[in-house]
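Just data_19.cif here, mmCIF, C-alpha atoms:
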data_query
#
loop_
_atom_site.label_atom_id
_atom_site.label_comp_id
_atom_site.auth_asym_id
_atom_site.auth_seq_id
_atom_site.Cartn_x
_atom_site.Cartn_y
_atom_site.Cartn_z
CA MET Z 1 -57.33 -12.25 80.53
CA MET Z 2 -60.16 -9.81 79.88
CA ARG Z 3 -63.87 -10.70 79.89
CA ILE Z 4 -66.63 -8.68 78.30
CA PHE Z 5 -70.22 -9.28 79.34
CA SER Z 6 -72.95 -8.12 76.98
CA ALA Z 7 -76.69 -8.17 77.49
CA GLN Z 8 -77.04 -9.17 73.85
CA ALA Z 9 -74.67 -10.02 71.01
CA TRP Z 10 -74.93 -11.02 67.36
CA LEU Z 11 -73.20 -14.40 66.97
CA GLU Z 12 -72.95 -16.03 63.54
CA ASP Z 13 -76.58 -15.76 62.40
CA ASP Z 14 -78.65 -14.87 65.47
CA TRP Z 15 -78.92 -12.67 68.54
CA LYS Z 16 -77.90 -14.26 71.84
CA ASN Z 17 -78.54 -12.97 75.37
CA ASN Z 18 -76.18 -12.72 78.34
CA VAL Z 19 -72.99 -13.29 76.39
CA THR Z 20 -69.47 -13.36 77.81
CA ILE Z 21 -66.43 -13.04 75.54
CA SER Z 22 -62.98 -13.91 76.91
CA ILE Z 23 -59.95 -12.23 75.35
CA GLU Z 24 -56.31 -13.15 75.88
CA ASN Z 25 -53.30 -11.59 74.15
CA GLY Z 26 -55.62 -9.72 71.81
CA GLU Z 27 -57.50 -12.82 70.62
CA ILE Z 28 -60.94 -14.18 71.50
CA THR Z 29 -60.45 -17.44 73.36
CA ALA Z 30 -64.02 -18.26 74.43
CA ILE Z 31 -67.62 -17.19 73.85
CA GLU Z 32 -70.33 -18.23 76.30
CA THR Z 33 -74.06 -17.57 76.14
CA GLN Z 34 -76.77 -17.49 78.78
CA VAL Z 35 -74.25 -16.90 81.56
CA ALA Z 36 -74.19 -14.55 84.53
CA LYS Z 37 -71.98 -11.53 84.79
CA LYS Z 38 -68.94 -12.00 87.04
CA PRO Z 39 -67.05 -9.46 89.13
CA GLY Z 40 -64.46 -7.68 87.02
CA ASP Z 41 -66.29 -8.20 83.72
CA ILE Z 42 -66.45 -5.21 81.38
CA THR Z 43 -70.16 -4.63 80.82
CA VAL Z 44 -71.82 -3.40 77.63
CA ASP Z 45 -75.38 -3.53 76.35
CA THR Z 46 -74.85 -4.75 72.77
CA LEU Z 47 -72.00 -6.36 70.80
CA LEU Z 48 -71.74 -6.65 67.03
CA PRO Z 49 -68.97 -8.27 64.94
CA ALA Z 50 -66.39 -5.72 63.84
CA LEU Z 51 -66.47 -4.48 60.26
CA ALA Z 52 -64.04 -5.44 57.51
CA ASN Z 53 -62.68 -2.78 55.16
CA LEU Z 54 -62.62 -4.68 51.87
CA HIS Z 55 -60.68 -2.18 49.76
CA SER Z 56 -57.90 0.03 51.08
CA HIS Z 57 -55.08 2.03 49.49
CA SER Z 58 -53.58 3.11 52.79
CA PHE Z 59 -51.00 5.52 51.34
CA GLN Z 60 -53.79 7.70 49.93
CA ARG Z 61 -54.77 8.71 53.46
CA ALA Z 62 -51.85 11.14 53.47
CA MET Z 63 -53.03 12.94 50.32
CA ALA Z 64 -56.67 13.33 51.30
CA GLY Z 65 -56.40 17.06 51.95
CA MET Z 66 -54.97 17.65 48.47
CA THR Z 67 -58.09 16.37 46.74
CA GLU Z 68 -60.98 17.79 48.74
CA TYR Z 69 -61.56 20.73 46.40
CA ARG Z 70 -62.90 20.10 42.91
CA ALA Z 71 -63.19 22.66 40.12
CA ALA Z 72 -66.28 21.40 38.30
CA ASP Z 73 -65.15 22.43 34.83
CA ARG Z 74 -61.60 21.14 35.19
CA ASP Z 75 -61.30 18.23 37.61
CA SER Z 76 -62.19 14.59 37.11
CA PHE Z 77 -61.01 11.13 38.12
CA TRP Z 78 -58.12 11.60 35.71
CA THR Z 79 -56.88 14.87 37.25
CA TRP Z 80 -57.18 13.24 40.68
CA ARG Z 81 -55.08 10.33 39.39
CA THR Z 82 -52.41 12.70 38.07
CA LEU Z 83 -52.14 14.31 41.49
CA MET Z 84 -51.96 10.90 43.12
CA TYR Z 85 -49.09 9.89 40.82
CA GLN Z 86 -47.24 13.10 41.67
CA PHE Z 87 -47.74 12.47 45.38
CA LEU Z 88 -46.52 8.89 45.40
CA GLU Z 89 -43.29 9.88 43.65
CA HIS Z 90 -42.21 11.31 47.02
CA LEU Z 91 -43.10 8.32 49.20
CA THR Z 92 -40.28 6.32 50.80
CA PRO Z 93 -40.66 2.90 52.44
CA GLU Z 94 -40.61 4.65 55.81
CA HIS Z 95 -43.48 6.92 54.71
CA ILE Z 96 -45.54 3.98 53.47
CA GLU Z 97 -45.13 2.09 56.73
CA ALA Z 98 -45.94 5.11 58.91
CA ILE Z 99 -49.01 6.08 56.89
CA ALA Z 100 -50.31 2.50 56.88
CA ALA Z 101 -49.85 2.22 60.66
CA LEU Z 102 -51.81 5.45 61.13
CA VAL Z 103 -54.61 4.36 58.81
CA PHE Z 104 -54.89 0.90 60.35
CA MET Z 105 -55.11 2.48 63.81
CA GLU Z 106 -57.81 4.88 62.61
CA MET Z 107 -59.75 1.99 61.09
CA GLN Z 108 -59.78 0.16 64.41
CA GLU Z 109 -60.89 3.30 66.22
CA ALA Z 110 -63.81 3.46 63.75
CA GLY Z 111 -64.83 -0.16 64.40
CA TYR Z 112 -62.94 -2.09 61.72
CA ALA Z 113 -61.06 -5.23 62.77
CA SER Z 114 -59.66 -6.26 59.39
CA VAL Z 115 -58.66 -4.75 56.08
CA GLY Z 116 -58.01 -5.79 52.51
CA GLU Z 117 -54.98 -3.77 51.38
CA PHE Z 118 -54.98 -3.31 47.58
CA HIS Z 119 -51.24 -2.84 47.39
CA TYR Z 120 -49.83 -1.60 44.10
CA ILE Z 121 -46.74 0.45 45.00
CA HIS Z 122 -43.97 -2.11 44.58
CA HIS Z 123 -40.93 -0.18 43.30
CA GLN Z 124 -38.93 2.98 43.73
CA ALA Z 125 -39.92 6.22 42.01
CA GLY Z 126 -39.19 5.82 38.31
CA GLY Z 127 -39.58 2.03 38.48
CA GLY Z 128 -36.20 1.09 39.94
CA ARG Z 129 -36.29 -2.14 41.95
CA TYR Z 130 -35.58 -2.39 45.64
CA ASP Z 131 -32.90 -4.87 46.70
CA ASP Z 132 -35.68 -6.80 48.41
CA PRO Z 133 -38.66 -7.14 46.02
CA VAL Z 134 -41.05 -7.31 48.99
CA GLU Z 135 -39.64 -4.22 50.71
CA LEU Z 136 -42.94 -2.35 50.57
CA THR Z 137 -45.05 -5.42 51.29
CA ASN Z 138 -43.03 -5.97 54.44
CA ARG Z 139 -43.65 -2.35 55.42
CA VAL Z 140 -47.40 -2.95 55.22
CA PHE Z 141 -47.02 -6.16 57.23
CA SER Z 142 -45.08 -4.24 59.86
CA ALA Z 143 -47.82 -1.60 60.08
CA ALA Z 144 -50.46 -4.30 60.54
CA ASN Z 145 -48.38 -6.04 63.20
CA LEU Z 146 -47.94 -2.76 65.06
CA SER Z 147 -51.62 -1.83 64.95
CA GLY Z 148 -52.98 -5.33 65.49
CA ILE Z 149 -55.46 -5.17 62.60
CA GLY Z 150 -56.28 -8.30 60.63
CA LEU Z 151 -54.71 -7.93 57.19
CA THR Z 152 -55.54 -9.49 53.85
CA HIS Z 153 -52.63 -8.27 51.75
CA LEU Z 154 -53.44 -8.06 48.04
CA PRO Z 155 -50.36 -7.49 45.84
CA VAL Z 156 -51.58 -5.88 42.63
CA LEU Z 157 -50.69 -7.02 39.12
CA TYR Z 158 -50.41 -3.80 37.12
CA THR Z 159 -48.74 -4.56 33.80
CA TYR Z 160 -50.10 -1.96 31.36
CA GLY Z 161 -50.91 1.72 31.30
CA GLY Z 162 -54.26 1.21 29.59
CA VAL Z 163 -56.28 -1.11 27.37
CA GLU Z 164 -54.69 -2.96 24.46
CA LYS Z 165 -51.48 -3.37 26.48
CA ALA Z 166 -50.49 0.30 26.47
CA ALA Z 167 -47.07 0.93 28.01
CA LEU Z 168 -46.72 2.05 31.61
CA ASN Z 169 -45.62 5.63 32.06
CA GLY Z 170 -44.92 8.23 34.74
CA GLY Z 171 -46.19 7.31 38.18
CA GLN Z 172 -47.32 3.89 36.96
CA LEU Z 173 -43.71 2.73 36.78
CA ARG Z 174 -43.78 2.11 40.54
CA PHE Z 175 -46.54 -0.47 39.98
CA GLY Z 176 -45.35 -2.57 37.06
CA HIS Z 177 -44.62 -6.31 36.95
CA ASN Z 178 -44.60 -8.93 34.26
CA LEU Z 179 -46.16 -12.29 35.11
CA ASP Z 180 -42.98 -13.98 36.31
CA GLU Z 181 -42.07 -11.05 38.54
CA PHE Z 182 -45.56 -10.91 39.97
CA GLU Z 183 -45.72 -14.62 40.75
CA ALA Z 184 -42.35 -14.35 42.51
CA LEU Z 185 -43.64 -11.33 44.47
CA VAL Z 186 -46.69 -13.23 45.69
CA ARG Z 187 -44.62 -16.25 46.72
CA SER Z 188 -42.17 -14.04 48.60
CA SER Z 189 -45.04 -12.18 50.27
CA LYS Z 190 -46.43 -15.49 51.51
CA ASN Z 191 -43.01 -16.43 52.85
CA SER Z 192 -43.03 -13.24 54.90
CA LEU Z 193 -46.19 -14.34 56.72
CA ALA Z 194 -44.13 -16.31 59.22
CA SER Z 195 -43.23 -13.12 61.07
CA SER Z 196 -46.73 -11.58 60.83
CA ASN Z 197 -49.82 -11.72 63.02
CA SER Z 198 -51.83 -14.93 62.82
CA ASP Z 199 -54.73 -13.14 61.11
CA THR Z 200 -52.60 -11.92 58.19
CA GLN Z 201 -53.03 -13.60 54.81
CA VAL Z 202 -51.98 -12.96 51.21
CA GLY Z 203 -54.20 -12.94 48.14
CA ILE Z 204 -53.83 -11.35 44.72
CA ALA Z 205 -55.34 -8.37 42.95
CA PRO Z 206 -55.23 -8.06 39.17
CA HIS Z 207 -55.72 -4.30 39.05
CA SER Z 208 -58.30 -4.10 36.29
CA LEU Z 209 -59.00 -5.19 32.73
CA ARG Z 210 -57.24 -2.05 31.50
CA ALA Z 211 -54.05 -2.75 33.48
CA THR Z 212 -53.86 -6.48 32.71
CA ALA Z 213 -54.72 -8.61 29.67
CA PRO Z 214 -57.15 -11.55 29.43
CA ASP Z 215 -54.45 -14.21 29.05
CA GLU Z 216 -52.48 -12.90 32.03
CA LEU Z 217 -55.59 -12.62 34.15
CA ALA Z 218 -56.44 -16.25 33.42
CA THR Z 219 -52.90 -17.35 34.31
CA ILE Z 220 -52.69 -15.70 37.72
CA VAL Z 221 -56.22 -16.70 38.69
CA THR Z 222 -55.29 -20.31 37.97
CA SER Z 223 -51.97 -20.02 39.81
CA PHE Z 224 -53.41 -18.48 42.97
CA ARG Z 225 -56.92 -19.89 43.17
CA ASP Z 226 -56.31 -20.96 46.78
CA GLY Z 227 -56.49 -17.41 48.20
CA PRO Z 228 -58.55 -14.23 47.98
CA ILE Z 229 -58.76 -12.58 44.54
CA HIS Z 230 -59.84 -8.96 44.21
CA ILE Z 231 -60.14 -6.62 41.21
CA HIS Z 232 -61.02 -3.05 40.25
CA ILE Z 233 -63.52 -4.14 37.64
CA ALA Z 234 -65.18 -0.89 36.58
CA GLU Z 235 -63.61 2.13 38.21
CA GLN Z 236 -64.97 4.94 36.04
CA PRO Z 237 -66.93 5.57 32.78
CA LYS Z 238 -63.99 5.96 30.38
CA GLU Z 239 -62.61 2.61 31.50
CA VAL Z 240 -65.94 0.95 30.75
CA GLN Z 241 -65.98 2.48 27.27
CA ASP Z 242 -62.34 1.57 26.56
CA VAL Z 243 -62.77 -2.05 27.67
CA GLN Z 244 -65.96 -2.41 25.66
CA ALA Z 245 -64.20 -1.14 22.54
CA TRP Z 246 -61.26 -3.53 23.12
CA LEU Z 247 -62.92 -6.73 24.36
CA GLY Z 248 -66.42 -6.30 22.96
CA ALA Z 249 -68.17 -6.20 26.34
CA ARG Z 250 -68.44 -4.00 29.39
CA PRO Z 251 -65.98 -4.99 32.15
CA VAL Z 252 -68.42 -6.71 34.53
CA GLU Z 253 -70.12 -8.44 31.61
CA TRP Z 254 -66.79 -9.66 30.22
CA LEU Z 255 -65.59 -10.90 33.61
CA LEU Z 256 -68.77 -12.87 34.33
CA GLU Z 257 -68.69 -14.47 30.89
CA ASN Z 258 -64.99 -15.38 30.91
CA MET Z 259 -63.95 -16.00 34.53
CA ASP Z 260 -65.21 -18.18 37.35
CA VAL Z 261 -66.46 -15.41 39.62
CA ASP Z 262 -67.48 -16.71 43.02
#

Written form, structure tokens:
Amino acid sequence: MMRIFSAQAWLEDDWKNNVTISIENGEITAIETQVAKKPGDITVDTLLPALANLHSHSFQRAMAGMTEYRAADRDSFWTWRTLMYQFLEHLTPEHIEAIAALVFMEMQEAGYASVGEFHYIHHQAGGGRYDDPVELTNRVFSAANLSGIGLTHLPVLYTYGGVEKAALNGGQLRFGHNLDEFEALVRSSKNSLASSNSDTQVGIAPHSLRATAPDELATIVTSFRDGPIHIHIAEQPKEVQDVQAWLGARPVEWLLENMDVD
């Protein structure tokens, strides 16, 4: 067992003095306040709760160097997205697991203890299905288990290529599910939790109003109300304009008026 003694620490909603935290097998087992330091304690001056990364696309870490230069007259979110689609066409399950393990390790080195993984690569390049529908989910779970980070896994519902139920195309084919497929994916992902760290959980992530439709959004929110729900609600200006033209309101406005946002 390891003990950390801190002169001060932020606990719940207040600062406490002379705090000892006991850790066993990577988990906090006891927190004591107003205690004396003991021989062998690791000593620090101040302790703060670790940060949570609420929105991660771990695979994008490996393409960061490809997108650091921007030609002002030519590049935009949409040219970045095209490059991202080209990049992910080359990713194998082994790549996805290795990149996620690296990213999760780097997060912990930077002070993060948990991450929400907005996971939308579900299929092979071109949209072909893996024999195991949760092949890539299990790769992310494995990376989290290896690194020890707390994981909220958020399988993404990505049904359409744009507003008004436009067809998926190109790189988007690796993302696509209909409602039945998606609900089965989430159930199977939850079944995989048995072999994961205790601080791993599964939620859902309807990608956006442009990649889902109002009726489908309502269905999955009702089906999976018991877990975390996360959405890209207004990613860039063209999306806002397209959603407003389709649904008669800007994305955040529409969501607040039509969904129980808590």

Shortest interatomic distance to Thr43 of chain Z - which of Z:Ala64, Z:Leu151, Z:Ala100, Z:Met2, counting all atoms listed in the file: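 The answer is Z:Met2, which sits nearest to Thr43 of chain Z.
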
Just so the selection is clear, what residues does the PyMOL selection byres ((chain Z and resi 254) around 12) cover here, as a VMD selection string? chain Z and resid 208 to 209 214 233 to 234 240 243 to 253 255 to 261

Pull C-alpha atoms from the residues just selected and write them as an mmCIF file, keeping the file's coordinate frame.
data_model
loop_
_atom_site.group_PDB
_atom_site.id
_atom_site.type_symbol
_atom_site.label_atom_id
_atom_site.label_comp_id
_atom_site.auth_asym_id
_atom_site.auth_seq_id
_atom_site.Cartn_x
_atom_site.Cartn_y
_atom_site.Cartn_z
ATOM 1 C CA SER Z 208 -58.300 -4.100 36.290
ATOM 2 C CA LEU Z 209 -59.000 -5.190 32.730
ATOM 3 C CA PRO Z 214 -57.150 -11.550 29.430
ATOM 4 C CA ILE Z 233 -63.520 -4.140 37.640
ATOM 5 C CA ALA Z 234 -65.180 -0.890 36.580
ATOM 6 C CA VAL Z 240 -65.940 0.950 30.750
ATOM 7 C CA VAL Z 243 -62.770 -2.050 27.670
ATOM 8 C CA GLN Z 244 -65.960 -2.410 25.660
ATOM 9 C CA ALA Z 245 -64.200 -1.140 22.540
ATOM 10 C CA TRP Z 246 -61.260 -3.530 23.120
ATOM 11 C CA LEU Z 247 -62.920 -6.730 24.360
ATOM 12 C CA GLY Z 248 -66.420 -6.300 22.960
ATOM 13 C CA ALA Z 249 -68.170 -6.200 26.340
ATOM 14 C CA ARG Z 250 -68.440 -4.000 29.390
ATOM 15 C CA PRO Z 251 -65.980 -4.990 32.150
ATOM 16 C CA VAL Z 252 -68.420 -6.710 34.530
ATOM 17 C CA GLU Z 253 -70.120 -8.440 31.610
ATOM 18 C CA LEU Z 255 -65.590 -10.900 33.610
ATOM 19 C CA LEU Z 256 -68.770 -12.870 34.330
ATOM 20 C CA GLU Z 257 -68.690 -14.470 30.890
ATOM 21 C CA ASN Z 258 -64.990 -15.380 30.910
ATOM 22 C CA MET Z 259 -63.950 -16.000 34.530
ATOM 23 C CA ASP Z 260 -65.210 -18.180 37.350
ATOM 24 C CA VAL Z 261 -66.460 -15.410 39.620
#

Pick out the residues sitting within 8 Å of Ile31 of chain Z, and hand them over as a ChimeraX atom specification; count all atoms listed in the file, and ignore anything fewer than 2 positions along from it in its own chain. /Z:19-22,28-29,33

Using all atoms listed in the file, I'd like a table of the residues in segment 106-133 of chain Z that come within 8 Å of segment 157-177 of chain Z; for each, show the closest atom pair and its distance in Å rounded to one decimal, ordered by chain and ascending number, as a tab-separated table.
residue	atom	partner	partner_atom	distance
Z:Tyr120	CA	Z:Phe175	CA	5.4
Z:Ile121	CA	Z:Phe175	CA	5.1
Z:His122	CA	Z:Phe175	CA	5.5
Z:His123	CA	Z:Arg174	CA	4.6
Z:Gln124	CA	Z:Arg174	CA	5.9
Z:Ala125	CA	Z:Arg174	CA	5.8
Z:Gly126	CA	Z:Leu173	CA	5.7
Z:Gly127	CA	Z:Leu173	CA	4.5
Z:Gly128	CA	Z:Arg174	CA	7.7

Quick one: 5 Å padding each side, axis-aligned, all listed atoms of segment 77-90 of chain Z - centre and edge lengths in Å to one decimal, as lines of an AutoDock Vina configuration file?
center_x = -51.6
center_y = 11.9
center_z = 41.4
size_x = 28.8
size_y = 16.0
size_z = 21.3

For the file shown, what are the residues hit by the PyMOL selection byres ((chain Z and resi 8) around 6), laid out as a VMD selection string? chain Z and resid 6 to 7 9 16 to 18 46

To one decimal place, how far is atom CA of Phe87 of chain Z from atom CA of His232 of chain Z in Å?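 Taking atom CA of Phe87 of chain Z and atom CA of His232 of chain Z, their separation equals 21.1 Å.
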
Can you check which parts of segment 30-116 of chain Z lie within 12 Å of segment 139-144 of chain Z? Per residue, the shortest pair of atoms and distance in Å to one decimal, counting all atoms listed in the file, sorted by chain and number, as CSV.
residue,atom,partner,partner_atom,distance
Z:Ser56,CA,Z:Val140,CA,11.7
Z:His57,CA,Z:Val140,CA,10.8
Z:Ser58,CA,Z:Val140,CA,9.0
Z:Phe59,CA,Z:Val140,CA,10.0
Z:Thr92,CA,Z:Arg139,CA,10.4
Z:Pro93,CA,Z:Arg139,CA,6.7
Z:Glu94,CA,Z:Arg139,CA,7.6
Z:His95,CA,Z:Arg139,CA,9.3
Z:Ile96,CA,Z:Arg139,CA,6.9
Z:Glu97,CA,Z:Arg139,CA,4.9
Z:Ala98,CA,Z:Ala143,CA,7.1
Z:Ile99,CA,Z:Ala143,CA,8.4
Z:Ala100,CA,Z:Ala143,CA,5.8
Z:Ala101,CA,Z:Ala143,CA,4.4
Z:Leu102,CA,Z:Ala143,CA,8.2
Z:Val103,CA,Z:Ala143,CA,9.1
Z:Phe104,CA,Z:Ala144,CA,6.8
Z:Met105,CA,Z:Ala144,CA,8.8
Z:Glu106,CA,Z:Ala144,CA,11.9
Z:Met107,CA,Z:Ala144,CA,11.2
Z:Gln108,CA,Z:Ala144,CA,11.0
Z:Ala113,CA,Z:Ala144,CA,10.9
Z:Ser114,CA,Z:Ala144,CA,9.5
Z:Val115,CA,Z:Ala144,CA,9.3
Z:Gly116,CA,Z:Ala144,CA,11.1

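Take atom CA of His55 of chain Z and atom CA of Glu117 of chain Z: the distance between them is 6.1 Å.
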
Length of the atom CA of Val202 of chain Z to atom CA of Asp226 of chain Z vector [Å]: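 Taking atom CA of Val202 of chain Z and atom CA of Asp226 of chain Z, their separation equals 10.1 Å.
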
For each of Z:Ser147, Z:Gln60, Z:Thr79, Z:Thr219, take the minimum atom-to-atom distance to Asn197 of chain Z, counting only C-alpha atoms, then give the residue where this is smallest. Z:Ser147

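Checking Z:Ser189, Z:Ser76, Z:Asn178, Z:Gln34 one by one against His119 of chain Z, counting all atoms listed in the file, you find the shortest gap at Z:Ser189.
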
Provide segment 92-108 of chain Z rebuilt to N, CA and C atoms, formatted as a PDB file, in the frame of the given file.
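See selection-v2.pdb below for the written result:
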ATOM      1  N   THR Z  92     -41.350   7.270  50.492  1.00  0.00           N
ATOM      2  CA  THR Z  92     -40.280   6.320  50.800  1.00  0.00           C
ATOM      3  C   THR Z  92     -40.889   5.106  51.515  1.00  0.00           C
ATOM      4  N   PRO Z  93     -40.157   4.023  51.653  1.00  0.00           N
ATOM      5  CA  PRO Z  93     -40.660   2.900  52.440  1.00  0.00           C
ATOM      6  C   PRO Z  93     -41.068   3.302  53.861  1.00  0.00           C
ATOM      7  N   GLU Z  94     -40.283   4.197  54.461  1.00  0.00           N
ATOM      8  CA  GLU Z  94     -40.610   4.650  55.810  1.00  0.00           C
ATOM      9  C   GLU Z  94     -41.952   5.385  55.830  1.00  0.00           C
ATOM     10  N   HIS Z  95     -42.191   6.231  54.809  1.00  0.00           N
ATOM     11  CA  HIS Z  95     -43.480   6.920  54.710  1.00  0.00           C
ATOM     12  C   HIS Z  95     -44.630   5.913  54.599  1.00  0.00           C
ATOM     13  N   ILE Z  96     -44.459   4.937  53.728  1.00  0.00           N
ATOM     14  CA  ILE Z  96     -45.540   3.980  53.470  1.00  0.00           C
ATOM     15  C   ILE Z  96     -45.878   3.195  54.736  1.00  0.00           C
ATOM     16  N   GLU Z  97     -44.878   2.807  55.485  1.00  0.00           N
ATOM     17  CA  GLU Z  97     -45.130   2.090  56.730  1.00  0.00           C
ATOM     18  C   GLU Z  97     -45.827   2.978  57.755  1.00  0.00           C
ATOM     19  N   ALA Z  98     -45.353   4.209  57.905  1.00  0.00           N
ATOM     20  CA  ALA Z  98     -45.940   5.110  58.910  1.00  0.00           C
ATOM     21  C   ALA Z  98     -47.380   5.466  58.566  1.00  0.00           C
ATOM     22  N   ILE Z  99     -47.646   5.736  57.291  1.00  0.00           N
ATOM     23  CA  ILE Z  99     -49.010   6.080  56.890  1.00  0.00           C
ATOM     24  C   ILE Z  99     -49.937   4.888  57.095  1.00  0.00           C
ATOM     25  N   ALA Z 100     -49.478   3.697  56.709  1.00  0.00           N
ATOM     26  CA  ALA Z 100     -50.310   2.500  56.880  1.00  0.00           C
ATOM     27  C   ALA Z 100     -50.608   2.256  58.354  1.00  0.00           C
ATOM     28  N   ALA Z 101     -49.620   2.424  59.221  1.00  0.00           N
ATOM     29  CA  ALA Z 101     -49.850   2.220  60.660  1.00  0.00           C
ATOM     30  C   ALA Z 101     -50.894   3.200  61.181  1.00  0.00           C
ATOM     31  N   LEU Z 102     -50.817   4.455  60.727  1.00  0.00           N
ATOM     32  CA  LEU Z 102     -51.810   5.450  61.130  1.00  0.00           C
ATOM     33  C   LEU Z 102     -53.197   5.063  60.656  1.00  0.00           C
ATOM     34  N   VAL Z 103     -53.299   4.696  59.387  1.00  0.00           N
ATOM     35  CA  VAL Z 103     -54.610   4.360  58.810  1.00  0.00           C
ATOM     36  C   VAL Z 103     -55.201   3.133  59.496  1.00  0.00           C
ATOM     37  N   PHE Z 104     -54.378   2.118  59.717  1.00  0.00           N
ATOM     38  CA  PHE Z 104     -54.890   0.900  60.350  1.00  0.00           C
ATOM     39  C   PHE Z 104     -55.377   1.196  61.771  1.00  0.00           C
ATOM     40  N   MET Z 105     -54.672   2.079  62.481  1.00  0.00           N
ATOM     41  CA  MET Z 105     -55.110   2.480  63.810  1.00  0.00           C
ATOM     42  C   MET Z 105     -56.455   3.211  63.725  1.00  0.00           C
ATOM     43  N   GLU Z 106     -56.564   4.135  62.765  1.00  0.00           N
ATOM     44  CA  GLU Z 106     -57.810   4.880  62.610  1.00  0.00           C
ATOM     45  C   GLU Z 106     -58.976   3.953  62.241  1.00  0.00           C
ATOM     46  N   MET Z 107     -58.702   2.949  61.430  1.00  0.00           N
ATOM     47  CA  MET Z 107     -59.750   1.990  61.090  1.00  0.00           C
ATOM     48  C   MET Z 107     -60.270   1.290  62.339  1.00  0.00           C
ATOM     49  N   GLN Z 108     -59.360   0.859  63.194  1.00  0.00           N
ATOM     50  CA  GLN Z 108     -59.780   0.160  64.410  1.00  0.00           C
ATOM     51  C   GLN Z 108     -60.559   1.085  65.338  1.00  0.00           C
TER      52      GLN Z 108
END
